[in-house]
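Raw start.txt, compact mmCIF, C-alpha atoms:
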```txt
# COMPACT_ATOMS: atom_id res chain seq x y z
CA MET A 280 14.79 67.74 21.73
CA THR A 281 13.99 71.14 23.15
CA SER A 282 13.81 71.57 26.88
CA VAL A 283 10.80 72.57 28.86
CA THR A 284 10.77 74.51 32.05
CA ALA A 285 9.27 72.73 35.03
CA GLU A 286 6.65 75.17 36.15
CA SER A 287 3.61 74.62 38.26
CA PRO A 288 0.41 74.86 36.27
CA PRO A 289 -1.40 78.15 36.48
CA SER A 290 -4.17 78.46 39.03
CA GLY A 291 -6.62 79.04 36.18
CA GLY A 292 -5.79 75.61 34.81
CA LYS A 293 -6.37 73.99 38.20
CA LEU A 294 -9.68 75.80 38.55
CA LEU A 295 -10.78 74.63 35.09
CA GLN A 296 -9.89 71.04 35.95
CA LEU A 297 -11.84 71.30 39.19
CA ILE A 298 -14.87 72.64 37.32
CA LEU A 299 -14.62 69.83 34.76
CA LEU A 300 -14.37 67.23 37.52
CA LEU A 301 -17.44 68.71 39.21
CA ILE A 302 -19.32 68.60 35.89
CA ALA A 303 -18.25 64.96 35.40
CA GLY A 304 -19.34 64.08 38.93
CA ALA A 305 -22.66 65.86 38.53
CA GLY A 306 -23.30 64.08 35.23
CA PHE A 307 -22.71 60.64 36.72
CA LEU A 308 -24.72 61.40 39.85
CA TYR A 309 -27.59 62.47 37.62
CA PHE A 310 -27.22 59.24 35.62
CA ILE A 311 -27.51 57.20 38.84
CA TYR A 312 -30.54 59.25 39.88
CA LEU A 313 -32.23 58.78 36.51
CA ALA A 314 -31.47 55.04 36.45
CA ALA A 315 -32.89 54.59 39.95
CA SER A 316 -35.91 56.88 39.65
CA GLY A 317 -38.10 54.81 37.37
CA ASN A 318 -36.60 55.67 33.96
CA PRO A 319 -33.64 53.26 33.66
CA LYS A 320 -34.02 52.70 29.91
CA GLN A 321 -33.51 56.39 29.16
CA ALA A 322 -30.52 56.55 31.53
CA TRP A 323 -28.77 53.52 30.05
CA LEU A 324 -29.52 54.65 26.49
CA ILE A 325 -27.75 57.98 27.11
CA TYR A 326 -24.92 56.17 28.88
CA LEU A 327 -24.41 53.77 25.96
CA VAL A 328 -24.51 56.60 23.39
CA ASN A 329 -21.83 58.51 25.28
CA PHE A 330 -19.66 55.48 25.96
CA LEU A 331 -19.58 54.64 22.26
CA PHE A 332 -19.11 58.26 21.17
CA PHE A 333 -16.27 59.29 23.49
CA SER A 334 -14.49 55.94 23.23
CA ALA A 335 -14.56 56.29 19.44
CA LEU A 336 -12.97 59.75 19.71
CA ALA A 337 -10.12 58.31 21.79
CA HIS A 338 -9.69 55.34 19.45
CA GLY A 339 -9.69 57.45 16.30
CA ALA A 340 -7.27 60.07 17.64
CA MET A 341 -4.81 57.42 18.82
CA LEU A 342 -5.05 55.79 15.40
CA PHE A 343 -3.69 59.02 13.90
CA SER A 344 -0.37 58.58 15.72
CA THR A 345 -0.02 54.91 14.76
CA LEU A 346 -0.95 55.67 11.14
CA MET A 347 1.57 58.50 10.88
CA HIS A 348 4.38 56.43 12.39
CA PHE A 349 3.55 53.37 10.28
CA THR A 350 3.72 55.44 7.09
CA GLY A 351 6.85 57.35 8.17
CA ALA A 352 5.18 60.79 8.04
CA LYS A 353 7.38 63.62 9.36
CA TRP A 354 4.99 66.58 9.21
CA SER A 355 2.74 65.18 11.94
CA ARG A 356 5.20 64.81 14.83
CA ALA A 357 3.63 67.57 16.96
CA LEU A 358 0.11 66.37 16.21
CA SER A 359 1.01 62.76 17.01
CA GLY A 360 2.13 63.75 20.50
CA VAL A 361 -1.24 65.39 21.12
CA ALA A 362 -3.07 62.44 19.55
CA GLU A 363 -1.38 60.08 22.00
CA ALA A 364 -2.84 62.14 24.87
CA PHE A 365 -6.26 60.72 23.96
CA SER A 366 -5.04 57.34 25.20
CA ALA A 367 -5.51 58.71 28.73
CA PHE A 368 -9.21 57.98 28.23
CA PHE A 369 -8.55 54.27 27.58
CA PRO A 370 -8.61 53.18 31.27
CA LEU A 371 -11.78 55.21 31.85
CA SER A 372 -13.36 53.73 28.73
CA PHE A 373 -12.52 50.24 30.01
CA VAL A 374 -14.21 50.93 33.37
CA LEU A 375 -17.20 52.52 31.63
CA PHE A 376 -17.57 49.38 29.52
CA LEU A 377 -17.59 47.19 32.64
CA ILE A 378 -20.38 49.35 34.08
CA LEU A 379 -22.52 48.50 31.04
CA PHE A 380 -22.79 44.97 32.46
CA ILE A 381 -24.84 46.37 35.36
CA GLY A 382 -27.48 47.72 32.99
CA GLN A 383 -27.76 44.67 30.76
CA ASP A 384 -31.46 44.14 31.53
CA HIS A 385 -32.25 47.64 30.30
CA LEU A 386 -29.70 47.80 27.48
CA PHE A 387 -30.21 44.67 25.44
CA THR A 388 -33.61 44.88 23.82
CA TRP A 389 -33.29 41.33 22.49
CA LEU A 390 -33.33 39.70 25.94
CA GLY A 391 -36.33 37.38 26.13
CA GLU A 392 -37.02 37.56 22.39
CA ASP A 393 -37.04 34.71 19.91
CA LEU A 394 -33.77 35.32 18.08
CA HIS A 395 -34.31 32.66 15.40
CA GLY A 396 -30.95 30.93 15.86
CA LYS A 397 -28.91 34.00 16.84
CA GLU A 398 -28.81 32.91 20.50
CA VAL A 399 -25.34 31.45 19.99
CA TRP A 400 -24.00 34.92 19.22
CA LEU A 401 -26.45 37.13 21.11
CA ASN A 402 -26.13 36.07 24.71
CA VAL A 403 -24.84 38.35 27.45
CA PRO A 404 -21.89 36.26 28.75
CA PHE A 405 -20.41 35.65 25.30
CA LEU A 406 -21.06 39.22 24.14
CA PHE A 407 -19.36 40.83 27.13
CA THR A 408 -16.49 38.36 27.08
CA ARG A 409 -15.57 38.89 23.44
CA ASP A 410 -15.97 42.67 23.64
CA LEU A 411 -14.00 42.83 26.89
CA VAL A 412 -11.15 40.80 25.42
CA GLY A 413 -11.13 42.88 22.23
CA ILE A 414 -11.07 46.21 24.09
CA LEU A 415 -8.38 44.95 26.45
CA ILE A 416 -6.13 43.83 23.57
CA LEU A 417 -6.64 47.17 21.77
CA TYR A 418 -5.78 49.19 24.87
CA VAL A 419 -2.77 47.06 25.79
CA LEU A 420 -1.38 47.46 22.27
CA GLY A 421 -2.01 51.19 22.49
CA PHE A 422 -0.16 51.54 25.78
CA ILE A 423 2.80 49.41 24.67
CA TYR A 424 3.07 51.58 21.55
CA LEU A 425 2.84 54.67 23.75
CA TYR A 426 5.55 53.32 26.07
CA HIS A 427 7.95 53.17 23.12
CA SER A 428 6.82 56.46 21.60
CA LEU A 429 7.39 58.43 24.81
CA TRP A 430 10.98 57.18 24.90
CA PHE A 431 11.64 59.35 21.84
CA ARG A 432 9.58 62.33 23.03
CA LEU A 433 10.47 62.94 26.67
CA ASN A 434 13.26 65.14 27.99
CA ARG A 435 15.48 62.96 30.22
CA SER A 436 16.93 65.98 32.04
CA GLN A 437 13.69 66.62 33.93
CA GLU A 438 11.81 64.32 36.27
CA ASN A 439 9.11 66.76 37.30
CA THR A 440 6.13 64.36 37.28
CA TRP A 441 5.59 60.97 38.92
CA LEU A 442 4.77 59.24 35.64
CA LYS A 443 8.01 60.45 34.03
CA ARG A 444 10.02 59.18 37.00
CA PHE A 445 8.32 55.80 36.67
CA LEU A 446 9.10 55.59 32.94
CA TYR A 447 12.73 56.70 33.32
CA LYS A 448 13.30 54.00 35.90
CA ARG A 449 11.82 51.39 33.58
CA TRP A 450 13.95 52.59 30.65
CA GLU A 451 17.26 52.40 32.53
CA SER A 452 17.73 48.72 31.74
CA GLY A 453 17.12 48.87 28.00
CA PHE A 454 16.11 50.87 24.95
CA ALA A 455 19.67 51.53 23.79
CA ASP A 456 19.10 50.73 20.12
CA LEU A 457 17.13 53.51 18.41
CA GLU A 458 16.49 51.52 15.26
CA LYS A 459 15.23 48.53 17.21
CA VAL A 460 12.78 50.69 19.17
CA ASN A 461 11.57 52.27 15.94
CA ARG A 462 10.99 48.85 14.35
CA ARG A 463 9.01 47.79 17.40
CA MET A 464 6.86 50.89 17.08
CA ILE A 465 6.12 50.18 13.43
CA PHE A 466 5.17 46.61 14.34
CA LEU A 467 2.94 47.77 17.20
CA ALA A 468 1.38 50.52 15.06
CA GLY A 469 0.39 47.98 12.41
CA TRP A 470 -1.16 45.64 14.95
CA PHE A 471 -2.97 48.51 16.69
CA MET A 472 -4.57 49.58 13.39
CA PHE A 473 -5.58 46.01 12.56
CA THR A 474 -7.03 45.45 16.04
CA PHE A 475 -8.75 48.83 15.85
CA ALA A 476 -10.67 47.73 12.75
CA ILE A 477 -11.68 44.42 14.32
CA VAL A 478 -12.68 45.79 17.73
CA LEU A 479 -14.58 48.83 16.41
CA SER A 480 -16.45 46.53 14.01
CA LEU A 481 -17.26 44.18 16.89
CA LEU A 482 -18.54 47.01 19.08
CA GLY A 483 -20.65 48.26 16.17
CA PHE A 484 -22.20 44.82 15.71
CA ASP A 485 -22.70 44.04 19.41
CA LEU A 486 -23.62 47.39 20.98
CA VAL A 487 -25.40 49.13 18.11
CA MET A 488 -26.63 46.81 15.37
CA SER A 489 -27.76 44.03 17.72
CA MET A 490 -30.11 46.39 19.56
CA ASP A 491 -32.46 45.71 16.65
CA ALA A 492 -31.83 41.98 16.67
CA HIS A 493 -33.62 41.28 13.38
CA TRP A 494 -31.73 43.88 11.31
CA PHE A 495 -28.26 43.28 9.95
CA SER A 496 -25.75 44.82 7.59
CA THR A 497 -22.43 43.22 6.71
CA LEU A 498 -21.02 46.70 6.03
CA PHE A 499 -21.91 48.06 9.47
CA GLY A 500 -18.58 47.05 11.04
CA ALA A 501 -16.53 48.96 8.47
CA TYR A 502 -18.95 51.88 8.74
CA SER A 503 -18.34 51.94 12.51
CA PHE A 504 -14.55 52.09 12.38
CA VAL A 505 -14.48 54.64 9.54
CA LYS A 506 -16.81 56.82 11.62
CA ALA A 507 -14.43 56.48 14.58
CA ILE A 508 -11.49 57.62 12.44
CA TYR A 509 -13.39 60.60 11.04
CA SER A 510 -14.67 61.76 14.43
CA GLY A 511 -11.35 61.02 16.17
CA PHE A 512 -9.47 63.19 13.69
CA GLY A 513 -12.02 65.94 14.31
CA ALA A 514 -11.47 65.76 18.08
CA LEU A 515 -7.70 65.87 17.53
CA ILE A 516 -8.00 69.00 15.37
CA ILE A 517 -10.08 70.74 18.05
CA VAL A 518 -7.57 69.99 20.83
CA ALA A 519 -4.57 70.91 18.65
CA ALA A 520 -6.20 74.17 17.56
CA ILE A 521 -7.03 75.15 21.15
CA LEU A 522 -3.45 74.42 22.24
CA HIS A 523 -2.12 76.34 19.24
CA MET A 524 -4.15 79.43 20.15
CA SER A 525 -3.45 79.24 23.88
CA SER A 526 -0.83 81.55 25.37
CA SER A 527 -0.15 79.18 28.30
CA ASN A 528 2.14 76.89 26.25
CA SER A 529 4.56 77.06 23.34
CA PHE A 530 2.75 74.52 21.16
CA SER A 531 2.18 75.79 17.63
CA LEU A 532 1.49 74.46 14.16
CA THR A 533 2.12 75.93 10.73
CA GLY A 534 -0.66 76.72 8.32
CA LYS A 535 0.52 73.80 6.17
CA GLN A 536 0.23 71.38 9.09
CA PHE A 537 -3.32 72.57 9.74
CA ARG A 538 -4.09 72.16 6.05
CA ASP A 539 -2.67 68.62 6.00
CA ILE A 540 -4.64 67.34 9.01
CA SER A 541 -7.76 69.18 7.78
CA THR A 542 -7.34 67.52 4.37
CA LEU A 543 -7.22 64.11 6.05
CA PHE A 544 -10.35 65.06 7.97
CA PHE A 545 -12.02 66.17 4.73
CA GLY A 546 -11.01 62.91 3.05
CA PHE A 547 -12.59 60.77 5.75
CA SER A 548 -15.79 62.82 5.52
CA ILE A 549 -16.06 61.52 1.96
CA VAL A 550 -15.14 57.97 2.99
CA TRP A 551 -17.79 58.02 5.74
CA ALA A 552 -20.43 59.33 3.32
CA ASP A 553 -19.44 56.66 0.79
CA PHE A 554 -19.87 53.88 3.36
CA PHE A 555 -23.22 55.33 4.38
CA TYR A 556 -24.35 55.52 0.75
CA CYS A 557 -23.17 51.99 -0.10
CA GLN A 558 -25.01 50.58 2.92
CA PHE A 559 -28.17 52.55 2.15
CA LEU A 560 -28.12 51.73 -1.58
CA VAL A 561 -27.84 47.95 -1.08
CA ILE A 562 -30.74 47.96 1.39
CA TRP A 563 -32.82 50.16 -0.91
CA TYR A 564 -32.50 48.06 -4.06
CA GLY A 565 -32.70 44.79 -2.12
CA ASN A 566 -36.02 45.94 -0.63
CA ILE A 567 -36.10 43.17 1.99
CA PRO A 568 -38.63 44.08 4.71
CA GLU A 569 -36.43 43.22 7.71
CA GLU A 570 -33.70 45.48 6.29
CA THR A 571 -35.77 48.38 4.95
CA ALA A 572 -37.84 48.80 8.14
CA TYR A 573 -34.71 49.88 10.03
CA ILE A 574 -33.79 52.52 7.44
CA ILE A 575 -37.34 53.77 6.87
CA LYS A 576 -37.90 54.40 10.58
CA ARG A 577 -34.70 56.42 10.91
CA THR A 578 -34.86 58.41 7.67
CA MET A 579 -38.54 58.82 6.79
CA VAL A 580 -40.57 58.65 10.02
CA GLN A 581 -40.90 61.72 12.24
CA PRO A 582 -39.19 62.86 14.40
CA TRP A 583 -36.22 60.64 13.49
CA ASN A 584 -36.05 61.92 9.91
CA ILE A 585 -35.26 65.38 11.29
CA VAL A 586 -32.28 63.97 13.20
CA ALA A 587 -31.17 62.04 10.10
CA TRP A 588 -31.09 65.20 7.99
CA VAL A 589 -29.24 67.14 10.69
CA VAL A 590 -26.62 64.37 10.83
CA PHE A 591 -26.21 64.20 7.05
CA ILE A 592 -25.94 67.97 6.62
CA GLY A 593 -23.69 68.50 9.65
CA CYS A 594 -21.37 65.55 9.08
CA PHE A 595 -21.08 65.66 5.29
CA ILE A 596 -22.76 68.45 3.33
CA LEU A 597 -21.35 71.43 5.25
CA PRO A 598 -17.85 69.98 5.81
CA PHE A 599 -17.65 68.96 2.15
CA ILE A 600 -18.60 72.39 0.86
CA LEU A 601 -16.58 74.47 3.33
CA LEU A 602 -13.43 72.34 3.35
CA LEU A 603 -13.01 72.61 -0.40
CA SER A 604 -11.27 75.87 0.46
CA GLY A 605 -7.58 75.40 1.23
CA LYS A 606 -7.46 78.77 3.04
CA LEU A 607 -10.20 77.83 5.48
CA LYS A 608 -8.36 74.62 6.37
CA GLU A 609 -5.46 76.71 7.69
CA LEU A 610 -7.61 78.69 10.14
CA PRO A 611 -7.66 77.06 13.61
CA GLN A 612 -10.74 79.04 14.71
CA PHE A 613 -12.70 77.88 11.68
CA MET A 614 -11.59 74.26 12.11
CA ILE A 615 -12.74 74.27 15.73
CA VAL A 616 -16.20 75.35 14.61
CA ILE A 617 -16.52 72.87 11.74
CA CYS A 618 -15.10 69.94 13.76
CA THR A 619 -17.39 70.73 16.69
CA LEU A 620 -20.31 70.72 14.28
CA VAL A 621 -19.26 67.32 12.92
CA LEU A 622 -18.80 65.84 16.40
CA ALA A 623 -22.20 67.11 17.51
CA GLY A 624 -23.61 65.47 14.39
CA PHE A 625 -21.97 62.16 15.25
CA TRP A 626 -23.32 62.25 18.79
CA MET A 627 -26.78 62.64 17.25
CA GLU A 628 -25.99 59.84 14.78
CA HIS A 629 -25.23 57.46 17.66
CA PHE A 630 -28.49 58.55 19.28
CA LEU A 631 -30.38 58.08 16.00
CA LEU A 632 -29.11 54.53 15.57
CA LEU A 633 -29.96 53.48 19.13
CA ALA A 634 -32.88 55.53 20.44
CA PRO A 635 -35.69 54.15 18.21
CA ASN A 636 -35.06 50.72 19.75
CA TYR A 637 -35.82 52.11 23.23
CA ILE A 638 -38.32 54.88 22.46
CA LYS A 639 -41.11 53.36 20.42
CA GLU A 640 -43.26 56.47 20.02
CA ALA A 641 -42.01 60.06 19.98
CA GLU A 642 -43.71 63.20 18.70
CA THR A 643 -40.63 65.40 19.01
CA VAL A 644 -36.90 64.69 19.01
CA PRO A 645 -36.36 63.13 22.48
CA ILE A 646 -33.19 65.04 23.37
CA GLY A 647 -33.65 67.05 26.56
CA ILE A 648 -31.99 68.15 29.76
CA SER A 649 -31.19 64.58 30.88
CA GLU A 650 -29.22 63.91 27.70
CA VAL A 651 -27.36 67.22 28.05
CA ILE A 652 -26.39 66.71 31.71
CA ILE A 653 -25.11 63.14 31.30
CA THR A 654 -23.27 64.03 28.09
CA ALA A 655 -21.65 66.98 29.87
CA GLY A 656 -20.46 64.53 32.54
CA PHE A 657 -18.78 62.33 29.94
CA LEU A 658 -17.28 65.37 28.22
CA GLY A 659 -15.84 66.62 31.51
CA LEU A 660 -14.25 63.24 32.19
CA PHE A 661 -12.88 63.08 28.65
CA VAL A 662 -11.28 66.54 28.76
CA VAL A 663 -9.82 66.01 32.25
CA SER A 664 -8.13 62.77 31.15
CA ILE A 665 -6.43 64.47 28.18
CA SER A 666 -5.44 67.49 30.28
CA ALA A 667 -3.96 65.26 33.00
CA TYR A 668 -1.85 63.42 30.41
CA LEU A 669 -0.47 66.65 28.95
CA LYS A 670 0.42 67.90 32.43
CA GLN A 671 2.39 64.72 33.07
CA PHE A 672 4.32 65.21 29.83
CA PRO A 673 4.67 68.99 29.24
CA GLU A 674 7.38 68.39 26.60
CA LEU A 675 4.64 67.41 24.16
CA LEU A 676 3.52 71.06 24.14
CA ASP A 677 7.04 72.47 23.76
CA ILE A 678 7.09 71.96 20.00
CA LYS A 679 7.38 74.95 17.72
CA ALA A 680 5.67 75.33 14.37
CA GLY A 681 7.25 73.23 11.68
CA GLU A 682 9.46 71.19 14.00
CA VAL A 683 9.65 67.58 12.87
CA ASP A 684 12.85 66.13 14.30
```

When written as structure tokens, how does the structure in this file appear?
Amino acid sequence: MTSVTAESPPSGGKLLQLILLLIAGAGFLYFIYLAASGNPKQAWLIYLVNFLFFSALAHGAMLFSTLMHFTGAKWSRALSGVAEAFSAFFPLSFVLFLILFIGQDHLFTWLGEDLHGKEVWLNVPFLFTRDLVGILILYVLGFIYLYHSLWFRLNRSQENTWLKRFLYKRWESGFADLEKVNRRMIFLAGWFMFTFAIVLSLLGFDLVMSMDAHWFSTLFGAYSFVKAIYSGFGALIIVAAILHMSSSNSFSLTGKQFRDISTLFFGFSIVWADFFYCQFLVIWYGNIPEETAYIIKRTMVQPWNIVAWVVFIGCFILPFILLLSGKLKELPQFMIVICTLVLAGFWMEHFLLLAPNYIKEAETVPIGISEVIITAGFLGLFVVSISAYLKQFPELLDIKAGEVD
């Protein structure tokens, strides 16, 4: 493994982190103000949208590393190290989920309704317990996998961060057998991917689909975790491309590596669209009122139909057309633009699925300054967590283009 020089981060990096922390703090202060100032439903709606969106990015990016290790892929070593940095958001995501419990009276639109026998499943204690347990298992598996993965990645000759010193001390008593550690990682990767599918499906059912308690789709769970993979890969490409273009580190990728990850991203755009189409088609030809009402409101009634078309064009039509070009897939600047477009589309898709349950009448698309400020707060927190992880493990950015061993 190549060495990395222990240097203090540039002052510009510290300033950027401070700005991001201030943005995060301002976003959450504004959320508290909005929740306490007579518009709690709007505040908790935006909070829930952002919790689901940014948690899905972290889940999907981490899945990339487990998927690559499980399949024995060599080309993705540099990308996997960056993907694992997204796990730094896991503890924050866990705390953000706990905060949802505070807003239960404003979040769960089915409270006080006649649920026609669904009370066994849709009750707050059971819902929070099962989701909490699922998230906890997923995150524990992710961190155990990460604990083993870092053993291969870190440079033992340098103990320049507190987290590295902690890990080195823990590793002194074991981890002598390389093959055994690798087998453990494969085992953990498989279980993480399985748990990912279960937990993301559960969150889709409990925190999105249940908000319209009389609508259901058996495909919605799979749709939710495929969406998380697609958007997570997009977030990973953005971070990797920014690091690749930055002069403050030696991280770089080859054009072929960019093409490979972009091809995966392109592939999941088709998978996501296929799941969307299959779900829509079954509801359309079934023509059952309690199913069609949900789709009609979000795709045919103004202003939600505008959002629906923006999501479909931004998350499928444009990526599908543009990413047919192999040359464009190798351009980091282009991939940043297209992935940002897709992620913006998925934020709007989360909003589209949830907002009509809270906003009964709207003449224009109800996305304004409040949504922007609170979303910026979540984004600041998300970026700071990834940046803090990479500063603890600078070796992850000391990988040259094409290096796989």

How close does each residue of range 364-424 of chain A get to range 287-311 of chain A, giving the shortest atom pair and distance in Å to one decimal for every residue with an atom at most 12 Å away, counting only C-alpha atoms, sorted by chain and residue number, as a Markdown table?
```
| residue | atom | partner | partner_atom | distance |
| --- | --- | --- | --- | --- |
| A:Leu375 | CA | A:Phe307 | CA | 11.1 |
| A:Ile378 | CA | A:Ile311 | CA | 11.6 |
| A:Ile381 | CA | A:Ile311 | CA | 11.7 |
| A:Gly382 | CA | A:Ile311 | CA | 11.1 |
```

Filtering to C-alpha atoms, could you give me those residues as a PDB file, keeping the file's coordinate frame?
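Once written, result-v4.pdb looks like this:
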```pdb
ATOM      1  CA  LEU A 375     -17.200  52.520  31.630  1.00  0.00           C
ATOM      2  CA  ILE A 378     -20.380  49.350  34.080  1.00  0.00           C
ATOM      3  CA  ILE A 381     -24.840  46.370  35.360  1.00  0.00           C
ATOM      4  CA  GLY A 382     -27.480  47.720  32.990  1.00  0.00           C
TER       5      GLY A 382
END
```

Could you make a table, as a tab-separated table, of the residues of range 365-457 of chain A that have an atom within 10 Å of an atom of range 477-492 of chain A, each with its nearest atom pair and distance in Å to one decimal, counting all atoms listed in the file, in chain and number order?
```
residue	atom	partner	partner_atom	distance
A:Leu386	CA	A:Met490	CA	8.1
A:Phe387	CA	A:Met490	CA	6.1
A:Thr388	CA	A:Met490	CA	5.7
A:Trp389	CA	A:Ala492	CA	6.0
A:Leu390	CA	A:Ala492	CA	9.7
A:Glu392	CA	A:Ala492	CA	8.9
A:Asp393	CA	A:Ala492	CA	9.5
A:Leu394	CA	A:Ala492	CA	7.1
A:His395	CA	A:Ala492	CA	9.7
A:Lys397	CA	A:Ala492	CA	8.5
A:Trp400	CA	A:Asp485	CA	9.2
A:Leu401	CA	A:Ser489	CA	7.8
A:Leu406	CA	A:Asp485	CA	6.9
A:Phe407	CA	A:Asp485	CA	9.0
A:Arg409	CA	A:Leu481	CA	8.6
A:Asp410	CA	A:Leu482	CA	6.8
A:Leu411	CA	A:Val478	CA	9.7
A:Val412	CA	A:Val478	CA	9.3
A:Gly413	CA	A:Val478	CA	5.6
A:Ile414	CA	A:Val478	CA	6.6
A:Leu415	CA	A:Val478	CA	9.8
A:Ile416	CA	A:Val478	CA	9.0
A:Leu417	CA	A:Val478	CA	7.4
```

Please write the residues from the selection above to a file, keeping C-alpha atoms, as a PDB file, in the frame of the given file.
```pdb
ATOM      1  CA  LEU A 386     -29.700  47.800  27.480  1.00  0.00           C
ATOM      2  CA  PHE A 387     -30.210  44.670  25.440  1.00  0.00           C
ATOM      3  CA  THR A 388     -33.610  44.880  23.820  1.00  0.00           C
ATOM      4  CA  TRP A 389     -33.290  41.330  22.490  1.00  0.00           C
ATOM      5  CA  LEU A 390     -33.330  39.700  25.940  1.00  0.00           C
ATOM      6  CA  GLU A 392     -37.020  37.560  22.390  1.00  0.00           C
ATOM      7  CA  ASP A 393     -37.040  34.710  19.910  1.00  0.00           C
ATOM      8  CA  LEU A 394     -33.770  35.320  18.080  1.00  0.00           C
ATOM      9  CA  HIS A 395     -34.310  32.660  15.400  1.00  0.00           C
ATOM     10  CA  LYS A 397     -28.910  34.000  16.840  1.00  0.00           C
ATOM     11  CA  TRP A 400     -24.000  34.920  19.220  1.00  0.00           C
ATOM     12  CA  LEU A 401     -26.450  37.130  21.110  1.00  0.00           C
ATOM     13  CA  LEU A 406     -21.060  39.220  24.140  1.00  0.00           C
ATOM     14  CA  PHE A 407     -19.360  40.830  27.130  1.00  0.00           C
ATOM     15  CA  ARG A 409     -15.570  38.890  23.440  1.00  0.00           C
ATOM     16  CA  ASP A 410     -15.970  42.670  23.640  1.00  0.00           C
ATOM     17  CA  LEU A 411     -14.000  42.830  26.890  1.00  0.00           C
ATOM     18  CA  VAL A 412     -11.150  40.800  25.420  1.00  0.00           C
ATOM     19  CA  GLY A 413     -11.130  42.880  22.230  1.00  0.00           C
ATOM     20  CA  ILE A 414     -11.070  46.210  24.090  1.00  0.00           C
ATOM     21  CA  LEU A 415      -8.380  44.950  26.450  1.00  0.00           C
ATOM     22  CA  ILE A 416      -6.130  43.830  23.570  1.00  0.00           C
ATOM     23  CA  LEU A 417      -6.640  47.170  21.770  1.00  0.00           C
TER      24      LEU A 417
END
```

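For the pair CA of Ser604 in chain A and CA of Leu543 in chain A, the separation is 13.6 Å.
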
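Nearest residue to Leu603 in chain A among A:Ile615, A:Val662, A:Ile549, A:Leu560 is A:Ile549, counting all atoms listed in the file.
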
Handout entry: Å distance separating CA of Phe330 in chain A from CA of Glu640 in chain A, one decimal place
Key = 24.4 Å

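Separating CA of Arg356 in chain A from CA of Asp456 in chain A is a distance of 20.5 Å.
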